[in-house]
file upload_18.cif (mmCIF, C-alpha atoms)
data_query
#
loop_
_atom_site.label_atom_id
_atom_site.label_comp_id
_atom_site.auth_asym_id
_atom_site.auth_seq_id
_atom_site.Cartn_x
_atom_site.Cartn_y
_atom_site.Cartn_z
CA MET A 30 191.96 111.60 108.55
CA SER A 31 192.32 110.71 104.87
CA GLY A 32 193.62 107.45 103.47
CA ARG A 33 197.20 108.42 104.27
CA SER A 34 199.01 105.92 106.45
CA THR A 35 200.50 108.14 109.14
CA ILE A 36 200.06 111.60 110.66
CA PHE A 37 203.46 113.19 110.02
CA SER A 38 206.01 112.94 107.25
CA ILE A 39 209.24 114.48 108.52
CA ILE A 40 211.65 115.34 105.72
CA THR A 41 215.33 116.06 106.28
CA VAL A 42 217.45 117.30 103.38
CA SER A 43 221.21 116.92 103.76
CA TYR A 44 224.48 117.32 101.91
CA ASN A 45 227.91 116.74 103.46
CA ALA A 46 226.43 117.31 106.91
CA VAL A 47 228.01 114.48 108.90
CA GLY A 48 228.83 116.89 111.73
CA ASP A 49 225.24 118.12 112.02
CA ILE A 50 223.03 115.19 111.05
CA GLU A 51 223.19 113.35 114.37
CA ARG A 52 221.48 116.05 116.43
CA THR A 53 218.75 116.38 113.81
CA VAL A 54 218.08 112.65 113.54
CA ARG A 55 218.15 112.11 117.30
CA SER A 56 215.64 114.90 117.83
CA VAL A 57 213.29 113.10 115.46
CA MET A 58 213.79 109.53 116.64
CA GLU A 59 213.50 110.47 120.32
CA GLN A 60 210.03 112.00 119.97
CA ASP A 61 207.52 110.56 122.42
CA PHE A 62 204.85 110.57 119.69
CA ARG A 63 205.57 107.74 117.24
CA ASP A 64 202.98 108.05 114.46
CA PHE A 65 205.31 109.44 111.81
CA GLU A 66 207.60 108.44 108.97
CA TYR A 67 211.08 109.85 108.49
CA LEU A 68 212.48 110.65 105.06
CA ILE A 69 216.15 111.61 104.74
CA ILE A 70 216.96 112.95 101.29
CA ASP A 71 220.71 113.25 100.85
CA GLY A 72 222.42 114.82 97.85
CA ALA A 73 225.09 112.14 97.38
CA SER A 74 227.24 113.31 100.28
CA LYS A 75 230.88 112.28 100.26
CA ASP A 76 231.51 112.66 103.99
CA GLY A 77 229.49 109.73 105.33
CA THR A 78 226.27 111.62 106.13
CA PRO A 79 223.90 108.85 104.92
CA LYS A 80 225.88 106.19 106.80
CA LYS A 81 225.73 108.25 110.00
CA ALA A 82 221.99 108.76 109.61
CA ALA A 83 221.43 105.04 108.99
CA GLU A 84 223.52 104.16 112.03
CA ILE A 85 221.32 106.28 114.30
CA THR A 86 217.93 105.42 112.81
CA GLY A 87 218.86 101.74 112.80
CA ARG A 88 218.65 101.71 116.60
CA TYR A 89 214.89 102.19 116.37
CA ASP A 90 212.65 99.52 114.87
CA ASP A 91 209.25 101.15 115.36
CA ILE A 92 209.60 103.99 112.83
CA ASN A 93 209.42 103.79 109.05
CA VAL A 94 212.66 105.40 107.86
CA THR A 95 213.68 105.98 104.25
CA ILE A 96 217.18 107.21 103.38
CA ILE A 97 217.98 108.18 99.81
CA SER A 98 221.39 109.42 98.71
CA GLU A 99 221.71 110.53 95.10
CA PRO A 100 222.68 113.66 93.16
CA ASP A 101 220.10 116.43 92.99
CA SER A 102 219.76 119.89 91.54
CA GLY A 103 219.80 121.72 94.85
CA ILE A 104 217.96 121.88 98.15
CA TYR A 105 214.51 122.50 96.68
CA ASP A 106 214.85 119.65 94.21
CA ALA A 107 215.70 117.42 97.19
CA MET A 108 212.66 118.73 99.08
CA ASN A 109 210.47 117.89 96.09
CA LYS A 110 211.80 114.32 96.19
CA GLY A 111 210.70 114.19 99.81
CA LEU A 112 207.25 115.50 98.89
CA ASP A 113 206.91 112.80 96.23
CA LEU A 114 207.65 110.09 98.79
CA ALA A 115 205.66 111.51 101.71
CA ALA A 116 202.71 109.41 102.88
CA GLY A 117 201.83 111.44 105.97
CA GLU A 118 198.84 113.66 106.60
CA TYR A 119 201.10 116.59 107.54
CA LEU A 120 204.51 117.67 106.27
CA ILE A 121 207.44 118.88 108.38
CA PHE A 122 210.77 119.94 106.87
CA LEU A 123 213.67 119.66 109.31
CA ASN A 124 216.97 120.20 107.55
CA ALA A 125 220.31 118.79 108.65
CA GLY A 126 221.54 120.81 111.63
CA ASP A 127 218.04 121.78 112.79
CA ALA A 128 216.18 119.92 115.52
CA PHE A 129 212.88 119.64 117.32
CA HIS A 130 213.03 121.82 120.42
CA ASP A 131 211.57 119.19 122.79
CA THR A 132 210.91 115.47 122.78
CA ASP A 133 207.16 116.16 122.98
CA THR A 134 206.99 118.53 119.99
CA LEU A 135 205.10 116.04 117.80
CA SER A 136 202.72 115.27 120.67
CA VAL A 137 201.92 118.98 120.99
CA LEU A 138 201.40 119.31 117.25
CA SER A 139 199.20 116.22 117.14
CA ARG A 140 196.94 117.58 119.88
CA ALA A 141 196.68 120.92 118.11
CA ILE A 142 195.68 119.16 114.90
CA GLU A 143 193.09 116.90 116.50
CA SER A 144 191.50 119.64 118.61
CA ASN A 145 191.20 122.06 115.69
CA ASN A 146 189.56 119.87 113.06
CA LEU A 147 192.57 119.25 110.83
CA PRO A 148 193.80 122.78 110.11
CA GLY A 149 195.70 123.56 106.93
CA ILE A 150 198.71 124.90 108.80
CA VAL A 151 200.01 124.54 112.35
CA TYR A 152 202.94 126.75 113.32
CA GLY A 153 204.99 128.07 116.23
CA GLN A 154 208.20 129.79 117.26
CA THR A 155 211.85 129.09 116.45
CA ASP A 156 215.09 129.48 118.42
CA ILE A 157 218.50 130.10 116.83
CA VAL A 158 221.13 127.69 118.16
CA ASP A 159 224.82 126.92 117.67
CA LYS A 160 226.28 123.60 116.50
CA ASP A 161 226.07 122.23 120.04
CA GLY A 162 222.37 123.07 120.31
CA ASN A 163 222.91 126.00 122.69
CA ARG A 164 220.36 128.79 122.30
CA LEU A 165 221.82 131.98 120.86
CA ALA A 166 218.68 134.06 120.34
CA GLY A 167 215.09 134.00 119.23
CA ARG A 168 214.45 134.24 115.51
CA HIS A 169 214.61 137.81 114.16
CA LEU A 170 210.92 137.51 113.18
CA THR A 171 208.32 136.34 115.68
CA ALA A 172 205.49 134.12 114.51
CA PRO A 173 202.18 136.00 115.00
CA PRO A 174 199.24 134.55 116.98
CA GLN A 175 197.04 135.11 113.92
CA LEU A 176 198.42 134.00 110.55
CA THR A 177 196.76 134.83 107.23
CA LEU A 178 197.80 135.02 103.60
CA SER A 179 198.46 138.75 103.99
CA SER A 180 200.83 138.09 106.92
CA PHE A 181 203.59 136.99 104.56
CA SER A 182 203.48 140.35 102.79
CA LYS A 183 205.58 141.39 105.79
CA GLY A 184 208.19 138.74 105.03
CA MET A 185 208.60 135.15 106.16
CA LEU A 186 207.12 135.58 109.62
CA VAL A 187 207.21 131.86 110.36
CA CYS A 188 210.35 129.78 109.93
CA HIS A 189 209.84 127.08 107.31
CA GLN A 190 210.83 124.37 109.81
CA ALA A 191 208.10 125.52 112.23
CA PHE A 192 205.47 125.65 109.47
CA VAL A 193 203.57 122.33 109.48
CA VAL A 194 201.36 121.85 106.43
CA LEU A 195 198.46 119.57 105.56
CA ALA A 196 199.88 117.48 102.72
CA ARG A 197 196.86 117.73 100.45
CA ILE A 198 197.16 121.51 100.15
CA ALA A 199 200.91 121.47 99.42
CA SER A 200 202.36 121.57 95.93
CA GLN A 201 205.97 121.20 94.87
CA PHE A 202 208.64 123.83 95.39
CA ASN A 203 209.35 126.13 92.46
CA THR A 204 212.96 125.24 91.69
CA SER A 205 213.40 128.31 89.49
CA TYR A 206 214.06 130.03 92.82
CA ARG A 207 217.47 129.03 94.18
CA PHE A 208 217.29 130.69 97.61
CA SER A 209 213.69 131.66 98.42
CA ALA A 210 211.47 128.86 97.10
CA ASP A 211 210.44 128.15 100.69
CA TYR A 212 208.92 131.65 100.93
CA ASP A 213 206.98 131.10 97.70
CA TRP A 214 205.90 127.62 98.87
CA CYS A 215 204.60 128.87 102.22
CA ILE A 216 202.55 131.58 100.51
CA ARG A 217 200.98 129.04 98.17
CA CYS A 218 200.15 126.81 101.14
CA LEU A 219 198.51 129.78 102.88
CA GLN A 220 196.42 130.39 99.77
CA HIS A 221 194.87 126.95 100.17
CA SER A 222 194.59 126.77 103.96
CA ARG A 223 191.13 127.33 105.40
CA HIS A 224 192.37 127.51 108.99
CA ASN A 225 195.76 128.14 110.61
CA VAL A 226 196.52 127.22 114.22
CA TYR A 227 199.19 128.83 116.37
CA VAL A 228 201.06 126.74 118.96
CA ASP A 229 202.41 129.13 121.59
CA ARG A 230 205.80 127.56 122.14
CA THR A 231 209.15 127.00 120.47
CA LEU A 232 208.86 124.08 118.08
CA VAL A 233 212.22 124.05 116.34
CA ASP A 234 215.87 124.91 116.96
CA TYR A 235 217.38 126.42 113.82
CA LEU A 236 221.12 126.10 113.27
CA ALA A 237 222.82 129.50 112.89
CA GLU A 238 224.92 129.56 109.73
CA GLY A 239 226.68 132.39 107.97
CA THR A 240 225.20 133.57 104.67
CA THR A 241 227.44 134.98 101.96
CA THR A 242 226.74 138.50 100.72
CA ALA A 243 226.13 137.17 97.21
CA ASN A 244 223.56 134.64 98.42
CA ARG A 245 221.85 137.21 100.63
CA ARG A 246 221.54 139.64 97.72
CA ALA A 247 220.19 136.93 95.41
CA SER A 248 217.73 135.83 98.08
CA LEU A 249 216.45 139.38 98.58
CA ILE A 250 215.98 139.81 94.84
CA GLU A 251 214.01 136.56 94.67
CA ARG A 252 211.88 137.51 97.66
CA PHE A 253 211.09 140.89 96.14
CA SER A 254 210.00 139.14 92.95
CA ILE A 255 207.85 136.67 94.89
CA MET A 256 206.27 139.40 97.00
CA THR A 257 205.50 141.42 93.86
CA CYS A 258 203.87 138.38 92.27
CA TYR A 259 201.50 137.73 95.17
CA TYR A 260 200.98 141.16 96.72
CA GLY A 261 201.70 143.65 93.93
CA LEU A 262 204.61 145.96 93.15
CA PRO A 263 203.52 149.00 95.26
CA LEU A 264 203.20 146.93 98.43
CA ALA A 265 206.45 145.09 97.71
CA ILE A 266 208.31 148.40 97.41
CA LEU A 267 206.67 149.76 100.58
CA ARG A 268 207.46 146.63 102.55
CA HIS A 269 211.10 146.62 101.51
CA LEU A 270 211.48 150.22 102.59
CA GLN A 271 210.00 149.21 105.94
CA PHE A 272 212.39 146.25 106.10
CA ILE A 273 215.48 148.48 106.24
CA PRO A 274 215.48 149.03 110.06
CA ARG A 275 214.70 145.32 110.52
CA PHE A 276 217.54 144.37 108.20
CA ILE A 277 219.96 146.53 110.20
CA ARG A 278 218.85 144.92 113.47
CA ARG A 279 219.22 141.47 111.95
CA ARG A 280 222.74 142.18 110.70
CA LYS A 281 223.70 143.46 114.13
CA LEU A 282 222.35 140.30 115.76
CA GLU A 283 224.15 138.08 113.25
CA LYS A 284 227.44 139.84 113.93
CA GLN A 285 226.94 139.22 117.64
CA ILE A 286 226.12 135.57 117.03
CA PHE A 287 229.07 134.81 114.78
CA ASN A 288 231.66 137.07 116.42
CA ASN A 289 230.87 136.62 120.09
CA PRO A 290 227.92 134.28 120.71
CA HIS A 291 228.46 134.21 124.47
CA ASN A 292 227.34 137.84 124.68
CA ILE A 293 223.90 137.22 123.19
CA LYS A 294 221.10 138.02 125.61
CA GLN A 295 218.87 135.04 126.20
#
call {"tool": "encode", "arguments": {"input": "upload_18.cif", "output": "structure tokens"}}
result
Amino acid sequence: MSGRSTIFSIITVSYNAVGDIERTVRSVMEQDFRDFEYLIIDGASKDGTPKKAAEITGRYDDINVTIISEPDSGIYDAMNKGLDLAAGEYLIFLNAGDAFHDTDTLSVLSRAIESNNLPGIVYGQTDIVDKDGNRLAGRHLTAPPQLTLSSFSKGMLVCHQAFVVLARIASQFNTSYRFSADYDWCIRCLQHSRHNVYVDRTLVDYLAEGTTTANRRASLIERFSIMTCYYGLPLAILRHLQFIPRFIRRRKLEKQIFNNPHNIKQ
């Protein structure tokens, strides 16, 4: 280990998420592995989100918790604030509404790190859940057993929340991207990672939320630009043509989730 004071820095970004923050915070504070710090970066919520988070974290006196609530310029600006404060060896982003899948998730990650000589990235699978934490489906993309820089030319194969990064190889998010800076950030982390380790289990429950057509279109445009930057225009065009059947399947799944979640096959 380096001179950093703890193994994990867990960063939760929130804004007016009082209905979702409790499940996220509980999933962190109830971990059976305790060598972590918890940073909650709130964007000056008006619904009591910071107060709710403080109420829950205040029940635990063995974890270093920092809660900041102030205006920001968007989710990636808030994530950069978390990066600036992080003192941990590894970074985990767990946004309001998301949660660790099990109480031993950090224990599993810690063992994977220690037994693999401090890899640059440790990653695993993600489940899609509703607001009550009930599983709706697996993520539309499955994390591969072998992850390389070229893997992300096929899209964001690993959910950002299940993508655990060695802090010293991580730079700040590019806030010129409003919707896909996480994709760009993960690629840059992969560029600097000498070794990536797959954990064959679900690490994170990701809250299913509707995405507006306008945001989806803007996100796709950003991702195309990012993919072109790192992998070249010909491959970006080819990949997006290949994405069409996948996009159709994803839209079908989303319609099932939001229109009749009880019919989703587990």
call {"tool": "residues_around", "arguments": {"input": "upload_18.cif", "residues": "segment 169-175 of chain A", "least_positions_apart": "3", "cutoff": "8 Å", "atoms": "only C-alpha atoms", "output": "JSON list (two decimals) with C-alpha atoms, in the frame of the given file"}}
result
[["chain", "number", "residue", "atom", "x", "y", "z"],
["A", 152, "TYR", "CA", 202.94, 126.75, 113.32],
["A", 153, "GLY", "CA", 204.99, 128.07, 116.23],
["A", 154, "GLN", "CA", 208.20, 129.79, 117.26],
["A", 185, "MET", "CA", 208.60, 135.15, 106.16],
["A", 186, "LEU", "CA", 207.12, 135.58, 109.62],
["A", 187, "VAL", "CA", 207.21, 131.86, 110.36],
["A", 188, "CYS", "CA", 210.35, 129.78, 109.93],
["A", 225, "ASN", "CA", 195.76, 128.14, 110.61],
["A", 226, "VAL", "CA", 196.52, 127.22, 114.22],
["A", 227, "TYR", "CA", 199.19, 128.83, 116.37],
["A", 229, "ASP", "CA", 202.41, 129.13, 121.59],
["A", 279, "ARG", "CA", 219.22, 141.47, 111.95]]
call {"tool": "closest_residue", "arguments": {"input": "upload_18.cif", "among": "A:Asp127, A:Lys75, A:Phe62, A:Ser43", "to": "Ile97 of chain A", "atoms": "all atoms listed in the file"}}
result
A:Ser43
call {"tool": "closest_residue", "arguments": {"input": "upload_18.cif", "among": "A:Asn109, A:Gln190, A:Ser74, A:Asn124", "to": "Arg52 of chain A", "atoms": "all atoms listed in the file"}}
result
A:Asn124
call {"tool": "resolve_selection", "arguments": {"input": "upload_18.cif", "expression": "the PyMOL selection byres ((chain A and resi 86) around 12)", "output": "JSON, numbers by chain"}}
result
{"A": [50, 51, 52, 53, 54, 55, 56, 57, 58, 59, 66, 67, 68, 69, 79, 80, 81, 82, 83, 84, 85, 87, 88, 89, 90, 91, 92, 93, 94, 95, 96]}
call {"tool": "resolve_selection", "arguments": {"input": "upload_18.cif", "expression": "the PyMOL selection byres ((chain A and resi 224) around 7)", "output": "list of chain:residue names"}}
result
A:Pro148, A:Gly149, A:Ile150, A:Ser222, A:Arg223, A:Asn225, A:Val226
call {"tool": "resolve_selection", "arguments": {"input": "upload_18.cif", "expression": "the PyMOL selection byres ((chain A and resi 197) around 12)", "output": "ChimeraX atom specification"}}
result
/A:30-33,112-113,115-120,147-150,194-196,198-201,218,221-222
call {"tool": "residues_around", "arguments": {"input": "upload_18.cif", "residues": "segment 155-163 of chain A", "least_positions_apart": "4", "cutoff": "9 Å", "atoms": "all atoms listed in the file", "output": "JSON, numbers by chain"}}
result
{"A": [48, 49, 52, 126, 127, 128, 130, 167, 168, 171, 172, 187, 188, 190, 191, 230, 231, 232, 233, 234, 235, 236, 237, 238, 286, 290]}
call {"tool": "axis_aligned_box", "arguments": {"input": "upload_18.cif", "around": "segment 114-130 of chain A", "padding_each_side": "4 Å", "output": "JSON"}}
result
{"center_x": 210.2, "center_y": 115.6, "center_z": 109.6, "size_x": 30.7, "size_y": 20.4, "size_z": 29.6}
call {"tool": "atom_distance", "arguments": {"input": "upload_18.cif", "atom1": "atom CA of Ile104 of chain A", "atom2": "atom CA of Ser205 of chain A"}}
result
11.7 Å
call {"tool": "residues_around", "arguments": {"input": "upload_18.cif", "residues": "Gly103 of chain A", "least_positions_apart": "4", "cutoff": "8 Å", "atoms": "only C-alpha atoms", "output": "MDAnalysis selection string"}}
result
chainID A and resid 72 107 207
call {"tool": "residues_around", "arguments": {"input": "upload_18.cif", "residues": "Gly111 of chain A", "least_positions_apart": "5", "cutoff": "9 Å", "atoms": "only C-alpha atoms", "output": "PyMOL selection string"}}
result
chain A and resi 38-42+68-70+106
call {"tool": "closest_residue", "arguments": {"input": "upload_18.cif", "among": "A:Thr78, A:Ser209, A:Thr177, A:Thr257", "to": "His189 of chain A", "atoms": "all atoms listed in the file"}}
result
A:Ser209
call {"tool": "residues_around", "arguments": {"input": "upload_18.cif", "residues": "Phe202 of chain A", "least_positions_apart": "6", "cutoff": "9 Å", "atoms": "all atoms listed in the file", "output": "PyMOL selection string"}}
result
chain A and resi 105-106+108-109+210-211+213-214
